[in-house]
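Below: the structure, in structure tokens.
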Amino acid sequence: MSDVWGDDRPTRRQVLADVAVAVGFGLFMLAVHVAIGAWPVLAAVLLAVALGLRRVSWPLMSAFAVAGSVAQVVGDDIAYLANIAYAVLFFTLGAHRDSRVRRFGLAAAGVAVLCAAAYGATRGAPDLGGFKRGVATVGLGSTAAVVCLGGWGGGYVRWQQRQAVQARVDAQLEALEVRRVTELYDLEQERRRIAADMHDVVAHSWAVVAAQSDGARYALRDRPAEAERALEVIGETARTAMGDLRLLVARLRDRELRPTTPGPAQQEALLDRMRASGMDLRMSETGPAEVSPLVALTAYRLLGESLTNALKHGDLTRPVEVNVDWTDGYRLRVTNTVGATEPPLPGGGHGIAGMTERALVAGGTLASARHGDRWVVEAHLPHVVTSSDGEGRT
């Protein structure tokens with residue numbers, strides 16, 4: 001995830017602003033402390049330099065801050081007003097993104113409080129008695145705690161706020177990435193479904209057209225009525241295929257366009273085309289048909305592809321048996337005879353792979369294999385409940 005705060009390197013404008021504040025602070029503190037003594041003036045200058053370096057280098061800032069405190073301990077007077085700068089310096093340490101720097105700042109603040117209390121106990125009020133010296137010790141220590149620990153605490157709160165903002169930004173970016181990947185996956189799945197539909201439409205249509213054209217050619221002289229009927233089937237099949245292809249192209253252009261749900265009329269037309277192509281089709285269907293769009297479309301495609309494969313590779317002198325059972329979801333069994341020398345489809349064929357994918361999408365299974373001289377396709381789709389938006393869910 002990207003860091004919304006960028007890196008730690010300050011901009012030129014920030015550095016110039018810090019330098020300007022440091023110069024103003026130093027000049028003001030010089031005017032205030034010049035009458036007190038040289039050591040407070042030196043401490044004020046060192047603290048001003050530390051303020052100017054706080055974005056450039058925290059080690060240099062810390063070094064000048066420590067030098068300012070040493071100058072006050074060595075001398076006889078404290079730069080009380082200039083020590084306000086320590087709040088800003090410890091704020092910088094507490095807000096740093098590096099945990100080691102933050103821990104260093106907390107430890108340094110603790111040491112500063114102890115040193116201030118020790119100074120008050122030993123040198124803060126040499127002419128006072130024990131009770132008043134204790135008051136001075138507590139006063140210096142508590143003041144140092146407010147300035148140093150308070151400054152560090154404010155910086156730490158600032159760091160936590162930045163972390164909270166970063167966490168929210170990271171969560172939003174992650175959600176956007178998940179959404180992007182999901183949309184890409186859905187798009188790819190939709191393309192695969194459209195490709196499978198296009199394969200089914202083209203393969204089925206051309207198989208019917210090829211069979212009918214052969215029949216028309218053989219019957220043209222002796223049985224003109226059969227040839228005319230074959231040509232009618234070819235025309236009807238071509239028109240149906242063109243309509244299906246238009247819908248598929250429209251779905252490619254408009255992702256919101258839902259596929260049409262085949263009904264009993266479409267299934268009956270499919271069976272009629274197969275029978276007209278010379279297939280001895282024996283159909284049995286039990287149970288009420290499932291009305292889910294997902295199952296209806298999947299069932300229609302599985303049946304169409306199974307019959308198309310039987311038309312292309314089966315022995316049409318033998319019957320093709322189709323058994324459909326709706327009592328336990330959707331169960332399909334298609335059995336046809338194949339020749340003894342019928343070559344196996346390489347890799348299972350695109351049609352079989354598409355059928356398997358369709359069944360898996362609907363939460364079901366499909367098996368297609370040769371058993372002796374018979375080719376058997378068996379598919380099962382579980383019950384699917386139709387939701388209010390028309391989508392099928394298992």
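Chain labels run A, B, ... following the order of the structure tokens; each chain numbers its residues from 1, and ligands are numbered from 1 in the order shown.
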Extract, using only C-alpha atoms, all DNA, RNA and protein residues at most 12 Å from Leu311 (chain A), discarding same-chain residues fewer than 6 positions from it, and format them as an MDAnalysis selection string.
-> chainID A and resid 203:212 271 273:281 304:305 317:320 334:338 375
Selection: 8 Å around Met61 (chain A), only C-alpha atoms, excl. self and same-chain fewer than 6 positions, as a list in words | Val49, Ala50, Leu51, Leu53, Arg54 and Leu89 of chain A
Shell around Val146 (chain A) at 10 Å using only C-alpha atoms, local window under 6 positions removed, as a list in words | Ala87, Ala109, Val113, Leu140, Trp152 and Gly153 of chain A
What lies within 8 Å of Gly94 (chain A) using only C-alpha atoms, ignoring chain neighbours under 3 positions off, as a list in words?
->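 Here the qualifying residues turn out to be Phe90, Phe91, Val101, Arg102, Gly105, Leu106, Gly151, Trp152, Gly153, Gly154, Gly155, Tyr156 and Trp159 of chain A.
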Spatial neighbours of region 13-28 of chain A, 7 Å, only C-alpha atoms, chain gap at least 2 places, as a PyMOL selection string | chain A and resi 10-11+30-32+44-45+48-49+51-52+55
CA of Lys312 (chain A) and CA of Ser368 (chain A) are how many Å apart?
->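 If I compute the distance from CA of Lys312 (chain A) to CA of Ser368 (chain A), I get 15.3 Å.
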Residues near Met283 (chain A), cut-off 8 Å, only C-alpha atoms, skip fewer than 5 positions along chain, as a PyMOL selection string = chain A and resi 321-324
Could you tell me how far CA of Leu252 (chain A) lies from CA of Glu236 (chain A), in Å and to one decimal?
->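 CA of Glu236 (chain A) lies 24.7 Å from CA of Leu252 (chain A).
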So, counting only C-alpha atoms, which residue among A:Ala195, A:Val181, A:Val88, A:Val135 is closest to Gly150 (chain A)?
-> A:Val88
Alpha helix (DSSP H) positions in region 210-272 of chain A, given as a PyMOL selection string = chain A and resi 210-219+224-253+264-272
Can you tell me how far CA of Leu93 (chain A) sits from CA of Trp39 (chain A), in Å to one decimal?
->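 Straight-line distance from CA of Leu93 (chain A) to CA of Trp39 (chain A) works out to 25.6 Å.
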